[in-house]
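*Asks:* structure.cif (mmCIF, C-alpha atoms and all ligand atoms) pasted underneath:
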data_query
loop_
_atom_site.label_atom_id
_atom_site.label_comp_id
_atom_site.auth_asym_id
_atom_site.auth_seq_id
_atom_site.Cartn_x
_atom_site.Cartn_y
_atom_site.Cartn_z
CA MET A 12 20.25 -2.26 -7.25
CA LYS A 13 20.56 1.44 -6.62
CA ILE A 14 19.59 2.64 -3.12
CA ASP A 15 19.35 6.30 -2.10
CA VAL A 16 18.74 7.24 1.52
CA VAL A 17 17.70 10.69 2.76
CA THR A 18 18.32 11.28 6.49
CA ILE A 19 19.50 13.86 8.99
CA PHE A 20 21.74 11.16 10.53
CA PRO A 21 23.93 9.76 7.71
CA GLY A 22 26.17 8.09 10.34
CA TYR A 23 23.57 5.39 11.02
CA PHE A 24 24.23 4.00 7.54
CA ASP A 25 27.92 3.36 8.24
CA ALA A 26 26.60 -0.03 9.38
CA LEU A 27 25.99 -0.92 5.73
CA GLU A 28 29.78 -1.04 5.20
CA LEU A 29 29.99 -4.13 7.42
CA SER A 30 29.73 -7.82 6.65
CA LEU A 31 27.85 -9.15 3.60
CA LEU A 32 26.32 -5.80 2.65
CA GLY A 33 29.73 -4.12 2.74
CA LYS A 34 31.00 -6.82 0.39
CA ALA A 35 27.94 -6.44 -1.85
CA LYS A 36 28.72 -2.70 -2.09
CA THR A 37 32.36 -3.30 -2.92
CA ARG A 38 31.38 -5.85 -5.55
CA GLY A 39 28.90 -3.40 -7.13
CA LEU A 40 25.80 -5.53 -6.42
CA ILE A 41 24.25 -2.65 -4.50
CA ASP A 42 25.06 1.04 -4.92
CA VAL A 43 24.06 2.94 -1.77
CA GLN A 44 24.12 6.76 -1.69
CA VAL A 45 23.31 8.47 1.62
CA HIS A 46 22.14 12.10 1.43
CA ASP A 47 22.09 14.48 4.40
CA LEU A 48 18.69 16.21 4.34
CA ARG A 49 20.27 19.29 5.94
CA ASP A 50 22.29 19.85 2.74
CA SER A 51 18.93 20.60 1.08
CA ALA A 52 17.87 23.19 3.69
CA ARG A 53 18.02 26.79 2.51
CA ASP A 54 18.82 28.76 5.68
CA LYS A 55 22.16 29.07 7.38
CA HIS A 56 20.99 27.01 10.37
CA ARG A 57 20.10 24.17 7.97
CA THR A 58 16.61 23.94 9.52
CA VAL A 59 14.57 20.86 8.62
CA ASP A 60 11.67 21.06 11.11
CA ASP A 61 9.02 23.45 12.38
CA THR A 62 6.05 23.53 14.77
CA PRO A 63 2.90 21.61 13.73
CA SER A 64 0.17 23.56 11.91
CA GLY A 65 -2.86 23.65 14.20
CA GLY A 66 -0.66 23.30 17.31
CA GLY A 67 0.37 20.29 19.36
CA ALA A 68 3.49 18.70 20.73
CA GLY A 69 6.74 18.08 18.88
CA MET A 70 8.04 19.21 15.52
CA VAL A 71 7.19 18.31 11.93
CA MET A 72 9.70 18.01 9.09
CA LYS A 73 9.36 20.90 6.64
CA PRO A 74 8.43 20.09 3.03
CA GLU A 75 11.00 22.30 1.26
CA PRO A 76 14.20 20.39 2.18
CA TRP A 77 12.44 17.09 1.36
CA GLY A 78 11.31 18.50 -1.99
CA ALA A 79 14.81 19.65 -2.88
CA ALA A 80 16.44 16.36 -1.79
CA LEU A 81 13.95 14.08 -3.55
CA ASP A 82 13.83 16.22 -6.72
CA GLY A 83 17.63 15.96 -6.89
CA ILE A 84 17.56 12.16 -6.59
CA LEU A 85 14.69 11.74 -9.04
CA SER A 86 16.14 14.06 -11.65
CA ALA A 87 19.47 12.20 -11.48
CA ALA A 88 17.49 8.98 -12.16
CA ASP A 89 15.48 10.60 -14.97
CA GLY A 90 16.32 9.19 -18.37
CA SER A 91 17.71 5.97 -16.85
CA ASP A 92 15.77 2.68 -17.15
CA HIS A 93 15.07 2.76 -13.43
CA ASP A 94 11.63 3.64 -12.12
CA PRO A 95 12.38 4.64 -8.53
CA LEU A 96 10.17 3.51 -5.64
CA ILE A 97 10.20 5.89 -2.67
CA ILE A 98 9.77 4.19 0.72
CA PHE A 99 8.97 6.25 3.80
CA PRO A 100 9.43 4.12 6.93
CA SER A 101 6.49 4.88 9.22
CA PRO A 102 4.64 3.11 12.02
CA ALA A 103 1.51 4.04 10.01
CA GLY A 104 2.62 2.06 6.92
CA ASP A 105 2.03 -1.45 5.51
CA VAL A 106 3.84 -4.04 7.61
CA PHE A 107 7.18 -5.20 6.17
CA THR A 108 7.33 -8.98 5.69
CA GLN A 109 9.57 -11.50 3.95
CA ARG A 110 7.09 -11.44 1.08
CA MET A 111 7.51 -7.64 0.75
CA ALA A 112 11.30 -8.06 0.95
CA ARG A 113 11.12 -10.51 -1.97
CA GLU A 114 8.97 -8.09 -3.97
CA LEU A 115 11.27 -5.14 -3.26
CA ALA A 116 14.39 -7.17 -4.14
CA THR A 117 13.18 -7.11 -7.77
CA GLU A 118 13.22 -3.29 -7.91
CA SER A 119 16.16 -1.55 -9.56
CA HIS A 120 16.03 1.74 -7.57
CA LEU A 121 14.79 2.24 -4.00
CA VAL A 122 14.77 5.60 -2.22
CA PHE A 123 14.38 5.57 1.59
CA GLY A 124 13.11 8.82 3.14
CA CYS A 125 13.83 8.74 6.87
CA GLY A 126 11.46 10.93 8.89
CA ARG A 127 12.15 12.07 12.44
CA TYR A 128 10.19 13.96 15.11
CA GLU A 129 6.42 13.82 14.62
CA GLY A 130 6.87 12.94 10.95
CA ILE A 131 7.11 14.64 7.58
CA ASP A 132 4.66 17.24 6.24
CA GLN A 133 1.88 15.24 4.50
CA ARG A 134 2.27 17.25 1.28
CA VAL A 135 5.62 15.54 0.63
CA PHE A 136 3.91 12.11 0.43
CA ASP A 137 1.07 13.58 -1.69
CA GLU A 138 3.48 15.30 -4.11
CA TYR A 139 5.63 12.22 -4.81
CA ALA A 140 2.68 9.78 -4.84
CA GLU A 141 1.20 11.91 -7.62
CA ARG A 142 4.48 11.97 -9.55
CA GLY A 143 5.55 8.35 -9.07
CA ARG A 144 5.53 5.37 -6.72
CA VAL A 145 5.50 5.89 -2.96
CA ARG A 146 5.01 3.41 -0.09
CA LEU A 147 4.76 3.93 3.66
CA VAL A 148 6.23 0.87 5.36
CA SER A 149 6.31 -0.13 9.04
CA ILE A 150 8.76 -2.69 10.42
CA GLY A 151 6.42 -3.56 13.30
CA ASP A 152 3.94 -2.34 15.84
CA TYR A 153 6.28 -0.25 17.97
CA VAL A 154 7.62 3.28 17.67
CA LEU A 155 11.24 4.10 16.82
CA ASN A 156 12.77 7.58 17.02
CA GLY A 157 12.96 7.81 13.25
CA GLY A 158 13.13 5.88 10.01
CA GLU A 159 16.88 5.16 10.05
CA VAL A 160 16.89 1.87 11.97
CA ALA A 161 13.78 0.73 10.06
CA SER A 162 15.50 1.52 6.72
CA ILE A 163 18.63 -0.40 7.70
CA ALA A 164 16.51 -3.43 8.66
CA MET A 165 14.65 -3.28 5.33
CA ILE A 166 17.81 -2.70 3.26
CA GLU A 167 19.45 -5.74 4.87
CA ALA A 168 16.40 -7.99 4.37
CA ILE A 169 16.03 -6.86 0.74
CA ALA A 170 19.70 -6.78 -0.31
CA ARG A 171 20.43 -10.32 0.92
CA LEU A 172 17.83 -11.59 -1.57
CA ILE A 173 19.67 -10.04 -4.52
CA PRO A 174 21.44 -12.83 -6.41
CA GLY A 175 25.12 -13.03 -5.45
CA VAL A 176 24.86 -11.09 -2.15
CA VAL A 177 24.64 -14.21 0.03
CA GLY A 178 27.40 -16.65 -0.92
CA ASN A 179 25.38 -19.86 -0.50
CA PRO A 180 21.87 -19.32 -1.94
CA GLU A 181 20.70 -22.60 -0.34
CA SER A 182 20.92 -20.93 3.07
CA LEU A 183 18.21 -18.49 1.92
CA VAL A 184 15.76 -21.29 1.19
CA GLU A 185 15.93 -22.97 4.59
CA GLU A 186 15.48 -20.00 6.86
CA SER A 187 12.55 -18.72 8.89
CA HIS A 188 9.62 -17.32 6.90
CA GLU A 189 10.82 -18.50 3.50
CA ASP A 190 8.41 -21.46 3.52
CA GLY A 191 5.95 -19.62 5.78
CA LEU A 192 7.22 -21.44 8.90
CA LEU A 193 9.78 -20.56 11.55
CA GLU A 194 13.20 -22.15 11.18
CA TYR A 195 14.14 -25.37 13.02
CA PRO A 196 16.82 -25.18 15.79
CA SER A 197 20.46 -25.53 14.67
CA TYR A 198 23.37 -27.34 16.35
CA THR A 199 27.09 -27.76 15.69
CA LYS A 200 30.06 -29.54 17.32
CA PRO A 201 30.83 -30.65 20.02
CA ALA A 202 28.22 -33.42 20.19
CA GLU A 203 27.95 -32.78 23.93
CA TRP A 204 28.31 -29.46 25.74
CA ARG A 205 27.60 -29.00 29.49
CA ASP A 206 25.70 -32.28 29.54
CA ARG A 207 23.54 -31.11 26.65
CA ALA A 208 23.60 -33.43 23.66
CA VAL A 209 23.00 -32.64 20.01
CA PRO A 210 19.76 -34.50 19.11
CA PRO A 211 20.97 -37.99 18.02
CA VAL A 212 19.03 -37.92 14.73
CA LEU A 213 21.31 -35.10 13.52
CA LEU A 214 24.34 -37.37 13.97
CA SER A 215 22.65 -40.41 12.38
CA GLY A 216 23.66 -39.68 8.80
CA ASN A 217 20.07 -40.53 7.77
CA HIS A 218 19.18 -37.56 5.56
CA ALA A 219 15.49 -38.41 5.22
CA ALA A 220 15.14 -38.73 9.00
CA ILE A 221 17.01 -35.45 9.53
CA GLU A 222 14.79 -33.62 7.04
CA SER A 223 11.64 -34.97 8.64
CA TRP A 224 12.87 -34.07 12.18
CA ARG A 225 13.65 -30.53 11.03
CA ARG A 226 10.24 -30.14 9.42
CA GLU A 227 8.50 -31.34 12.61
CA GLN A 228 10.57 -28.93 14.69
CA SER A 229 9.63 -26.06 12.34
CA ILE A 230 5.95 -26.88 12.57
CA GLU A 231 6.03 -27.34 16.35
CA ARG A 232 7.92 -24.08 16.88
CA THR A 233 5.56 -22.16 14.59
CA ARG A 234 2.52 -23.63 16.40
CA ARG A 235 3.96 -22.61 19.77
CA VAL A 236 5.40 -19.15 18.95
CA ARG A 237 3.43 -17.86 15.94
CA PRO A 238 0.24 -19.94 15.58
CA GLU A 239 -1.23 -17.34 13.21
CA LEU A 240 1.45 -18.27 10.63
CA LEU A 241 0.55 -21.97 10.59
CA PRO A 242 -1.24 -22.95 7.36
CA ALA A 243 -4.69 -24.53 7.49
CA GLU A 244 -3.38 -27.90 6.18
CA LEU A 245 -1.11 -28.11 9.27
CA GLY A 246 -3.99 -27.34 11.60
CA GLY A 247 -3.43 -23.56 11.65
CA GLU A 248 -5.44 -20.56 10.63
CA ARG A 249 -3.56 -19.41 7.55
CA ARG A 250 -5.44 -19.94 4.29
CA GLY A 251 -3.93 -20.60 0.87
CA ARG A 252 -1.59 -23.48 0.08
CA HIS A 253 1.47 -21.38 -0.69
CA ALA A 254 0.59 -18.39 1.42
CA ALA A 255 3.77 -16.64 2.47
CA PRO A 256 3.76 -14.49 5.59
N1 LIG B 1 9.49 5.02 12.35
C1 LIG B 1 9.16 5.01 13.65
N2 LIG B 1 8.70 3.82 14.01
C2 LIG B 1 8.72 3.02 12.91
C3 LIG B 1 8.36 1.68 12.63
N3 LIG B 1 7.86 0.88 13.56
N4 LIG B 1 8.52 1.23 11.38
C4 LIG B 1 9.00 2.03 10.42
N5 LIG B 1 9.35 3.30 10.61
C5 LIG B 1 9.22 3.80 11.85
#
Is it possible to express this structure as structure tokens?
Ligand code: ADE
*Replies:*
Amino acid sequence: MKIDVVTIFPGYFDALELSLLGKAKTRGLIDVQVHDLRDSARDKHRTVDDTPSGGGAGMVMKPEPWGAALDGILSAADGSDHDPLIIFPSPAGDVFTQRMARELATESHLVFGCGRYEGIDQRVFDEYAERGRVRLVSIGDYVLNGGEVASIAMIEAIARLIPGVVGNPESLVEESHEDGLLEYPSYTKPAEWRDRAVPPVLLSGNHAAIESWRREQSIERTRRVRPELLPAELGGERRGRHAAP
């Protein structure tokens, strides 16, 4: 998968060199290019923002540097088999979920446009939505200082679903949200720590009993912490037999 990121803070994306994503980059499973938006500004001060039309607090990102940066990325992709999807992280977007991560993991080229300040001039979204595919995506109902941290969260959630990125694909199946429920609690050795014992069933060697205990724990935890995720057949509110979150 090819991933382009446009930002005024390229340093944030150094984090992608670490751990499994760093390995995925080295192994060519993901190809991440980070572009400094200021390189696309025309003036000597490399200005990327201006005061809002109509007045008000804060600054808005100017359309021209965004146009130059995105045109450059799209024209480099032109003629390839990839049909890029541009994602603008925004608290005003569709909420990012595991289901969306799975959908996006099937794309061959994602472009993340990281806004700052009061946001990006609306004409940038309008221009690229007319020319191709654009999505505004929120990582939750809270406000960050910009799209960088949101993009990193999405890139990690998406990239780990690309075949080969996570060494043991079974670990992907058993985790929170994959079956629509929260994950069961995990334990390791020693069997007793500070008078706290590992639940005996996990040491029983009885695989059917272990599986059923884990399932009960998942259901109980989901009921307690996120009742809205619990499917109707388990006494919850969520409709649809295979509804994913
Ligand atoms: N930018 C600022 N806040 C955000 C959020 N919650 N999700 C995505 N992008 C953002």
*Asks:* So that I can check the surroundings of segment 95-100 of chain A, please list as a list in words every protein, DNA and RNA residue that reaches within 8 Å of it, counting only C-alpha atoms and ignoring chain neighbours fewer than 3 positions away.
*Replies:*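 My list of contacting residues is Leu85, Ala88, Gly104, Glu118, Ser119, His120, Leu121, Val122, Phe123, Gly124, Cys125, Gly126, Gly143, Arg144, Val145, Arg146, Leu147, Val148, Ser149, Ile150, Gly158, Ala161 and Ser162 of chain A.
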*Asks:* Between A:Arg127, A:Arg38, A:Thr199, A:Ile14, which is the closest to Leu213 of chain A once you count all atoms listed in the file?
*Replies:*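 For Leu213 of chain A, the nearest of the candidates is A:Thr199.
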*Asks:* Considering all atoms listed in the file, can you say which of A:Leu241, A:His56, A:Pro174, A:Pro196 comes closest to Gln228 of chain A?
*Replies:*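 The shortest atom-to-atom distance to Gln228 of chain A comes from A:Pro196.
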*Asks:* Tell me which of A:Leu155, A:Met70, A:Ala103, A:Ala243 sits closest to ligand LIG 1 (chain B), counting all atoms listed in the file.
*Replies:*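 Closest residue, counting all atoms listed in the file: A:Leu155.
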*Asks:* What does the distance from atom CA of Tyr128 of chain A to atom N1 of ligand LIG 1 (chain B) come to in Å, to one decimal?
*Replies:* 9.4 Å
*Asks:* May I ask for the distance between atom CA of Glu227 of chain A and atom CA of Pro180 of chain A, given in Å to one decimal place?
*Replies:*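 If I compute the distance from atom CA of Glu227 of chain A to atom CA of Pro180 of chain A, I get 23.1 Å.
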*Asks:* Would you compute the distance between atom CA of Tyr195 of chain A and atom CA of Leu27 of chain A? Give it in Å to one decimal.
*Replies:* 28.1 Å
*Asks:* Return the single residue from A:Leu115, A:Asn156, A:Pro74, A:Pro242 that is closest to Pro102 of chain A, with distances computed using only C-alpha atoms.
*Replies:* A:Asn156
*Asks:* With only C-alpha atoms as the basis for distance, which of A:Glu244, A:Glu181, A:Glu75, A:Asp190 is at the shortest distance from Arg134 of chain A?
*Replies:* A:Glu75
*Asks:* I want to know what sits within 7 Å of Ala116 of chain A, based on only C-alpha atoms, with residues of the same chain fewer than 2 positions away left out; could you give that as a list in words?
*Replies:*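 That gives Ala112, Arg113, Glu114, Glu118, Ile169, Ala170, Leu172 and Ile173 of chain A.
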*Asks:* With distances taken over all atoms listed in the file, which residue among A:Leu193, A:Leu183, A:Ala202, A:Val59 lies nearest Asp132 of chain A?
*Replies:*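 So, comparing all the options, the nearest one is A:Val59.
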*Asks:* Residues at most 9 Å from Ile163 of chain A, counting all atoms listed in the file, excluding those fewer than 4 positions away in the same chain, as number ranges by chain?
*Replies:* A: 23-24, 26-27, 158-159, 167-168
*Asks:* Leaving out Arg226 of chain A and any residue of its chain fewer than 3 positions from it, which residues lie within 12 Å of it when counting all atoms listed in the file, given as a VMD selection string?
*Replies:* chain A and resid 185 to 187 190 to 196 219 to 223 229 to 233 245
*Asks:* Every residue with an atom at most 12 Å from (29.1, -5.3, 0.8) (file coordinates; all atoms listed in the file) is what I'm after, so could you write them as a PyMOL selection string?
*Replies:* chain A and resi 25-43+166-167+170-171+173+175-178
